[in-house]
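Shown below: protein15.tsv, with TSV, C-alpha atoms.
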```tsv
chain	number	residue	atom	x	y	z
A	1	MET	CA	0.00	0.00	0.00
A	2	GLY	CA	2.94	2.34	0.44
A	3	GLU	CA	2.26	5.29	2.68
A	4	ARG	CA	-0.16	4.79	5.54
A	5	ARG	CA	-3.55	6.46	5.31
A	6	ALA	CA	-5.34	8.01	8.28
A	7	ALA	CA	-8.97	7.29	9.14
A	8	ILE	CA	-11.59	8.71	11.48
A	9	ILE	CA	-14.33	6.38	12.67
A	10	THR	CA	-17.14	8.14	14.54
A	11	GLY	CA	-18.65	6.04	17.30
A	12	GLY	CA	-15.67	3.77	16.75
A	13	GLY	CA	-15.27	2.22	20.19
A	14	LYS	CA	-18.10	-0.33	20.36
A	15	GLY	CA	-20.20	-2.63	18.21
A	16	ILE	CA	-20.07	-2.00	14.48
A	17	GLY	CA	-17.74	0.97	15.00
A	18	ARG	CA	-15.23	-1.18	16.88
A	19	ALA	CA	-15.25	-3.78	14.12
A	20	ILE	CA	-14.71	-1.05	11.51
A	21	SER	CA	-11.83	0.43	13.50
A	22	LEU	CA	-10.14	-2.97	13.70
A	23	GLN	CA	-10.75	-3.70	10.02
A	24	LEU	CA	-9.23	-0.40	8.87
A	25	ALA	CA	-6.28	-0.93	11.22
A	26	ALA	CA	-5.78	-4.45	9.88
A	27	ASP	CA	-5.69	-2.95	6.39
A	28	GLY	CA	-2.80	-0.74	7.49
A	29	ASN	CA	-4.52	2.56	8.24
A	30	ASP	CA	-3.79	4.74	11.27
A	31	VAL	CA	-7.06	5.40	13.08
A	32	VAL	CA	-8.74	8.01	15.23
A	33	ILE	CA	-11.51	6.37	17.22
A	34	ASN	CA	-14.16	8.91	18.11
A	35	TYR	CA	-16.47	8.43	21.07
A	36	ALA	CA	-19.13	10.53	22.77
A	37	GLY	CA	-19.26	8.95	26.22
A	38	SER	CA	-17.61	5.52	26.25
A	39	LYS	CA	-13.98	6.50	26.77
A	40	GLU	CA	-12.92	3.14	28.19
A	41	ALA	CA	-14.30	1.20	25.22
A	42	ALA	CA	-12.65	3.59	22.76
A	43	GLU	CA	-9.30	3.31	24.52
A	44	GLN	CA	-9.54	-0.49	24.55
A	45	THR	CA	-10.32	-0.53	20.83
A	46	ALA	CA	-7.40	1.82	20.16
A	47	GLU	CA	-5.09	-0.53	22.04
A	48	GLU	CA	-6.30	-3.49	19.97
A	49	CYS	CA	-5.67	-1.49	16.80
A	50	ARG	CA	-2.09	-0.73	17.91
A	51	LYS	CA	-1.48	-4.46	18.26
A	52	LEU	CA	-2.13	-4.66	14.51
A	53	GLY	CA	0.90	-2.46	13.86
A	54	VAL	CA	-0.67	0.94	13.29
A	55	SER	CA	-1.06	4.11	15.34
A	56	ALA	CA	-4.42	4.62	17.02
A	57	GLU	CA	-5.87	7.38	19.19
A	58	ALA	CA	-9.22	7.88	20.93
A	59	PHE	CA	-10.87	11.30	20.77
A	60	GLN	CA	-14.05	12.54	22.41
A	61	ALA	CA	-16.42	14.56	20.26
A	62	ASP	CA	-20.18	14.98	19.89
A	63	VAL	CA	-20.81	14.77	16.14
A	64	ALA	CA	-24.01	16.79	16.55
A	65	LYS	CA	-21.84	19.83	17.38
A	66	ALA	CA	-19.99	21.64	14.58
A	67	ASP	CA	-17.09	22.72	16.80
A	68	ASP	CA	-16.54	19.15	18.01
A	69	CYS	CA	-16.47	17.85	14.43
A	70	ALA	CA	-13.94	20.48	13.40
A	71	ALA	CA	-11.80	19.63	16.43
A	72	LEU	CA	-11.93	15.90	15.59
A	73	VAL	CA	-10.71	16.45	12.02
A	74	GLU	CA	-8.05	18.88	13.24
A	75	PHE	CA	-6.83	16.32	15.79
A	76	CYS	CA	-6.46	13.69	13.05
A	77	GLN	CA	-4.50	16.10	10.87
A	78	LYS	CA	-2.22	17.19	13.71
A	79	THR	CA	-1.65	13.62	14.90
A	80	PHE	CA	-1.13	11.91	11.54
A	81	GLY	CA	-0.55	14.85	9.20
A	82	ARG	CA	-3.54	13.90	7.07
A	83	ILE	CA	-7.15	12.69	6.88
A	84	ASP	CA	-7.86	10.18	4.11
A	85	ILE	CA	-10.83	8.11	5.27
A	86	LEU	CA	-13.96	9.19	7.13
A	87	VAL	CA	-16.47	6.64	8.40
A	88	ASN	CA	-19.71	8.14	9.68
A	89	ASN	CA	-20.81	5.40	12.04
A	90	ALA	CA	-22.05	7.29	15.13
A	91	GLY	CA	-25.77	6.84	15.55
A	92	ILE	CA	-28.56	6.64	18.11
A	93	THR	CA	-32.10	5.34	18.25
A	94	ARG	CA	-35.15	6.71	20.06
A	95	ASP	CA	-37.75	4.23	18.87
A	96	GLY	CA	-41.49	4.66	19.26
A	97	LEU	CA	-44.65	4.90	17.18
A	98	MET	CA	-44.95	8.31	15.54
A	99	MET	CA	-48.20	9.20	17.34
A	100	ARG	CA	-46.32	8.92	20.65
A	101	MET	CA	-42.94	10.20	19.49
A	102	SER	CA	-41.85	13.48	21.03
A	103	LEU	CA	-40.30	16.20	18.93
A	104	GLU	CA	-37.21	15.87	21.13
A	105	ASP	CA	-36.85	12.15	20.31
A	106	PHE	CA	-37.23	12.92	16.61
A	107	GLN	CA	-34.78	15.80	16.67
A	108	GLN	CA	-32.10	14.01	18.72
A	109	VAL	CA	-31.91	11.19	16.20
A	110	ILE	CA	-31.79	13.61	13.26
A	111	ASN	CA	-29.12	15.71	15.01
A	112	THR	CA	-26.76	12.79	15.62
A	113	ASN	CA	-27.42	10.51	12.66
A	114	LEU	CA	-27.99	13.04	9.87
A	115	THR	CA	-26.68	16.44	10.96
A	116	GLY	CA	-23.68	14.71	12.53
A	117	ALA	CA	-22.83	13.01	9.24
A	118	PHE	CA	-23.22	16.35	7.43
A	119	LEU	CA	-20.93	18.16	9.86
A	120	MET	CA	-18.25	15.47	9.63
A	121	MET	CA	-18.45	15.36	5.83
A	122	LYS	CA	-18.14	19.14	5.68
A	123	ALA	CA	-15.14	19.23	8.03
A	124	ALA	CA	-13.29	16.31	6.42
A	125	SER	CA	-13.95	17.17	2.78
A	126	LYS	CA	-11.91	20.39	2.89
A	127	PRO	CA	-8.51	18.76	3.63
A	128	MET	CA	-9.45	15.85	1.35
A	129	MET	CA	-10.06	18.29	-1.51
A	130	ARG	CA	-6.67	19.88	-0.93
A	131	ALA	CA	-5.04	16.45	-0.99
A	132	HIS	CA	-7.06	15.32	-4.04
A	133	TYR	CA	-7.83	12.07	-2.24
A	134	GLY	CA	-10.51	10.76	0.08
A	135	ARG	CA	-12.88	7.99	1.05
A	136	ILE	CA	-16.11	8.98	2.82
A	137	ILE	CA	-18.27	6.07	3.96
A	138	SER	CA	-21.47	6.51	5.94
A	139	ILE	CA	-23.45	3.85	7.74
A	140	SER	CA	-27.08	3.98	6.66
A	141	SER	CA	-29.63	1.20	7.24
A	142	VAL	CA	-32.04	-1.02	5.34
A	143	SER	CA	-34.78	0.80	7.28
A	144	ALA	CA	-33.96	3.79	5.06
A	145	LEU	CA	-34.98	1.66	2.07
A	146	THR	CA	-37.92	-0.29	3.49
A	147	GLY	CA	-39.16	1.72	6.45
A	148	ASN	CA	-39.66	0.20	9.87
A	149	PRO	CA	-42.56	0.61	12.32
A	150	GLY	CA	-41.50	2.62	15.36
A	151	GLN	CA	-38.52	4.13	13.57
A	152	VAL	CA	-39.85	7.14	11.69
A	153	ASN	CA	-37.01	9.26	13.08
A	154	TYR	CA	-34.28	6.67	12.51
A	155	ALA	CA	-35.43	5.72	9.01
A	156	ALA	CA	-35.67	9.40	8.04
A	157	SER	CA	-32.15	10.10	9.32
A	158	LYS	CA	-30.67	7.10	7.49
A	159	ALA	CA	-32.55	7.90	4.26
A	160	GLY	CA	-31.15	11.42	4.52
A	161	VAL	CA	-27.65	9.96	4.77
A	162	ILE	CA	-28.21	8.20	1.42
A	163	GLY	CA	-29.36	11.43	-0.23
A	164	MET	CA	-26.34	13.31	1.13
A	165	THR	CA	-24.02	10.52	0.00
A	166	ARG	CA	-25.25	10.65	-3.59
A	167	SER	CA	-25.18	14.44	-3.73
A	168	LEU	CA	-21.72	14.80	-2.20
A	169	ALA	CA	-20.38	12.05	-4.48
A	170	ARG	CA	-21.26	14.28	-7.44
A	171	GLU	CA	-19.65	17.31	-5.81
A	172	LEU	CA	-16.35	15.62	-4.93
A	173	ALA	CA	-15.78	13.11	-7.75
A	174	SER	CA	-13.49	15.43	-9.71
A	175	ARG	CA	-11.19	15.65	-6.66
A	176	ASN	CA	-10.61	11.88	-6.49
A	177	ILE	CA	-12.85	11.57	-3.43
A	178	THR	CA	-15.38	8.74	-3.31
A	179	VAL	CA	-18.53	8.98	-1.19
A	180	ASN	CA	-20.50	5.82	-0.46
A	181	ALA	CA	-22.86	4.32	2.10
A	182	VAL	CA	-23.29	0.90	3.68
A	183	ALA	CA	-26.80	-0.17	4.63
A	184	PRO	CA	-26.79	-2.92	7.27
A	185	GLY	CA	-29.79	-5.04	8.04
A	186	ALA	CA	-30.19	-6.76	11.41
A	187	VAL	CA	-26.83	-6.87	13.17
A	188	ASP	CA	-25.98	-8.91	16.25
A	189	THR	CA	-24.85	-6.16	18.65
A	190	ASP	CA	-25.60	-5.09	22.22
A	191	MET	CA	-28.52	-3.06	20.83
A	192	THR	CA	-30.25	-6.13	19.35
A	193	ARG	CA	-29.28	-8.58	22.10
A	194	VAL	CA	-31.68	-6.85	24.50
A	195	LEU	CA	-34.60	-7.86	22.26
A	196	SER	CA	-36.69	-10.85	23.26
A	197	ASP	CA	-36.00	-14.22	21.65
A	198	LYS	CA	-39.36	-14.00	19.88
A	199	VAL	CA	-38.55	-10.64	18.30
A	200	ARG	CA	-35.09	-11.84	17.24
A	201	GLU	CA	-36.65	-14.98	15.70
A	202	GLN	CA	-39.13	-12.80	13.77
A	203	MET	CA	-36.28	-10.65	12.48
A	204	ILE	CA	-34.22	-13.66	11.38
A	205	ALA	CA	-37.27	-15.18	9.65
A	206	GLN	CA	-37.30	-12.17	7.29
A	207	ILE	CA	-33.65	-12.69	6.30
A	208	PRO	CA	-33.07	-15.08	3.36
A	209	MET	CA	-29.67	-16.06	4.80
A	210	LYS	CA	-31.40	-16.92	8.11
A	211	ARG	CA	-28.92	-15.20	10.39
A	212	MET	CA	-28.13	-11.74	11.68
A	213	ALA	CA	-25.05	-9.95	10.43
A	214	THR	CA	-21.99	-9.81	12.62
A	215	PRO	CA	-20.32	-6.43	13.13
A	216	GLU	CA	-17.45	-7.84	11.07
A	217	ASP	CA	-19.79	-8.36	8.09
A	218	ILE	CA	-20.43	-4.61	8.06
A	219	ALA	CA	-16.77	-3.78	8.69
A	220	ASN	CA	-15.71	-5.90	5.71
A	221	ALA	CA	-17.96	-3.82	3.44
A	222	VAL	CA	-16.55	-0.58	4.83
A	223	GLY	CA	-13.01	-1.87	4.41
A	224	PHE	CA	-13.77	-2.72	0.78
A	225	LEU	CA	-15.03	0.80	0.02
A	226	ALA	CA	-12.04	2.35	1.81
A	227	LYS	CA	-9.45	0.60	-0.35
A	228	GLU	CA	-7.32	2.18	-3.04
A	229	GLU	CA	-8.70	-0.36	-5.51
A	230	THR	CA	-12.30	0.90	-5.24
A	231	SER	CA	-11.50	4.35	-6.60
A	232	TYR	CA	-14.15	4.06	-9.36
A	233	ILE	CA	-17.05	3.30	-7.00
A	234	THR	CA	-18.87	6.39	-5.76
A	235	GLY	CA	-22.39	7.48	-4.88
A	236	GLN	CA	-23.42	3.89	-4.11
A	237	VAL	CA	-25.30	2.19	-1.28
A	238	LEU	CA	-23.90	-1.25	-0.46
A	239	ASN	CA	-26.70	-3.30	1.06
A	240	VAL	CA	-25.32	-5.72	3.69
A	241	SER	CA	-28.48	-7.39	4.93
A	242	GLY	CA	-28.34	-11.08	4.08
A	243	GLY	CA	-30.91	-10.48	1.35
A	244	MET	CA	-33.54	-8.58	3.38
A	245	VAL	CA	-33.73	-6.09	0.51
A	246	ILE	CA	-33.47	-7.69	-2.93
```

Take the structure from the file and write it as structure tokens.
Amino acid sequence: MGERRAAIITGGGKGIGRAISLQLAADGNDVVINYAGSKEAAEQTAEECRKLGVSAEAFQADVAKADDCAALVEFCQKTFGRIDILVNNAGITRDGLMMRMSLEDFQQVINTNLTGAFLMMKAASKPMMRAHYGRIISISSVSALTGNPGQVNYAASKAGVIGMTRSLARELASRNITVNAVAPGAVDTDMTRVLSDKVREQMIAQIPMKRMATPEDIANAVGFLAKEETSYITGQVLNVSGGMVI
């Protein structure tokens, strides 16, 4: 690969974000692991990344705040002298039927999942444009494509991520910057393990491959889109759902 690239993974300390951090590190990229509140998990993930032979740092930032996003990108540049890969993974849920959903629950999800991705894209794209190189990968969801009862806010935020991805891909293509999204289906994480066995069985019944994704399944897709060799893929949504959406 030659020179090492530098990556930022938002929400990179746990679950899917942790798997992405480890995948990018295994591929030889230095990583900045962003976290909002789970410092210990982010530090542990950073330590595991270092064992793979790269440099790794944890950095606290709330992606819903413009100043925090700017500080995160600046930290990556100061630490590694560059920012080549951005993975917008940070996300929250505030599930509930729309008739009972508060404006606050709607807005919080939009602020983190959609506005946060916008702010990070805006902050990272400037140095990427100067370098004439970049990979921007955002985690969307199959719920953006199919809808999901009780997730009006989440589905809207993840559908917005797809629209932003396609639009920004057109804006940045001439600068050798690709912009893509990964849309996971049901993933076996702490968030889904709290569901009852019955609900998990119902979810799996809808998946042609008859299993949930592992965080590593999603990380593999992100790693693919982050590679040098995928320089001609941009504006795409890679569906990683075991066939839930065909």

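Atom CA of Gly12 of chain A sits 19.3 Å away from atom CA of Tyr154 of chain A.
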
Determine, using only C-alpha atoms, which residues of segment 15-57 of chain A have any atom at most 9 Å from an atom of segment 80-99 of chain A, and tabulate each with its shortest atom pair and distance in Å to one decimal place, rows ordered by chain and then rising number, as a Markdown table.
```
| residue | atom | partner | partner_atom | distance |
| --- | --- | --- | --- | --- |
| A:Ile16 | CA | A:Asn89 | CA | 7.8 |
| A:Gly17 | CA | A:Asn89 | CA | 6.1 |
| A:Ile20 | CA | A:Val87 | CA | 8.5 |
| A:Asn29 | CA | A:Ile85 | CA | 8.9 |
| A:Asp30 | CA | A:Phe80 | CA | 7.7 |
| A:Val31 | CA | A:Phe80 | CA | 8.9 |
| A:Asn34 | CA | A:Ala90 | CA | 8.6 |
| A:Tyr35 | CA | A:Ala90 | CA | 8.2 |
| A:Ala36 | CA | A:Ala90 | CA | 8.8 |
| A:Ser55 | CA | A:Phe80 | CA | 8.7 |
```

Is there a way to get, as a ChimeraX atom specification, all residues within 12 Å of the point (-27.1, 12.6, 12.2) in file coordinates, counting only C-alpha atoms? /A:10-11,62-66,88-93,106-121,138-140,153-162,164

Would you work out the distance separating atom CA of Asp67 of chain A from atom CA of Thr234 of chain A, expressed in Å to one decimal?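 Between atom CA of Asp67 of chain A and atom CA of Thr234 of chain A the gap works out to 27.9 Å.
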
What is the atom CA of Ala131 of chain A to atom CA of Gly223 of chain A distance in Å?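 Pair atom CA of Ala131 of chain A / atom CA of Gly223 of chain A returns 20.7 Å.
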
Taking 4 positions as the minimum chain separation for residues in the same chain, which residues sit within 6 Å of Ala19 of chain A when counting all atoms listed in the file? Answer as a tab-separated table (two decimals) with C-alpha atoms, in the frame of the given file.
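For reference, out25.tsv as written:
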```tsv
chain	number	residue	atom	x	y	z
A	215	PRO	CA	-20.32	-6.43	13.13
A	216	GLU	CA	-17.45	-7.84	11.07
A	219	ALA	CA	-16.77	-3.78	8.69
```

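Across A:Gly235, A:Gly13, A:Gly242, A:Gly28, the tightest approach to Arg170 of chain A is made by A:Gly235 when counting only C-alpha atoms.
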
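Distances from A:Lys126, A:Arg135, A:Lys78, A:Arg5 to Tyr232 of chain A were compared using only C-alpha atoms, and the smallest one belongs to A:Arg135.
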
Using only C-alpha atoms, determine which residues lie at most 10 Å from Lys210 of chain A, disregarding the query and same-chain residues fewer than 6 positions distant; provide the list as an MDAnalysis selection string. chainID A and resid 201 203:204 242:244

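Distances from A:Leu238, A:Ala173, A:Ile33, A:Leu145 to Ala7 of chain A were compared using only C-alpha atoms, and the smallest one belongs to A:Ile33.
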
What would the list of residues within 12 Å of (-6.7, -2.2, 10.9) (file frame) look like as a PyMOL selection string, if all atoms listed in the file are what count? chain A and resi 4-9+18-33+45-56+219-220+222-223+226-227

At a cut-off of 8 Å, using all atoms listed in the file, what residues contact Ala213 of chain A? Leave out same-chain residues fewer than 6 positions from it and give the result as a PyMOL selection string. chain A and resi 184-188+240-242

With distances taken over only C-alpha atoms, which residue among A:Gln202, A:Ser38, A:Ser102, A:Ser141 lies nearest Ala58 of chain A? A:Ser38

Please determine, counting all atoms listed in the file, which residue among A:Val237, A:Asn180, A:Arg193, A:Val245 has the shortest atom-to-atom distance to Gln206 of chain A.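 Of A:Val237, A:Asn180, A:Arg193, A:Val245, the one nearest Gln206 of chain A, counting all atoms listed in the file, is A:Val245.
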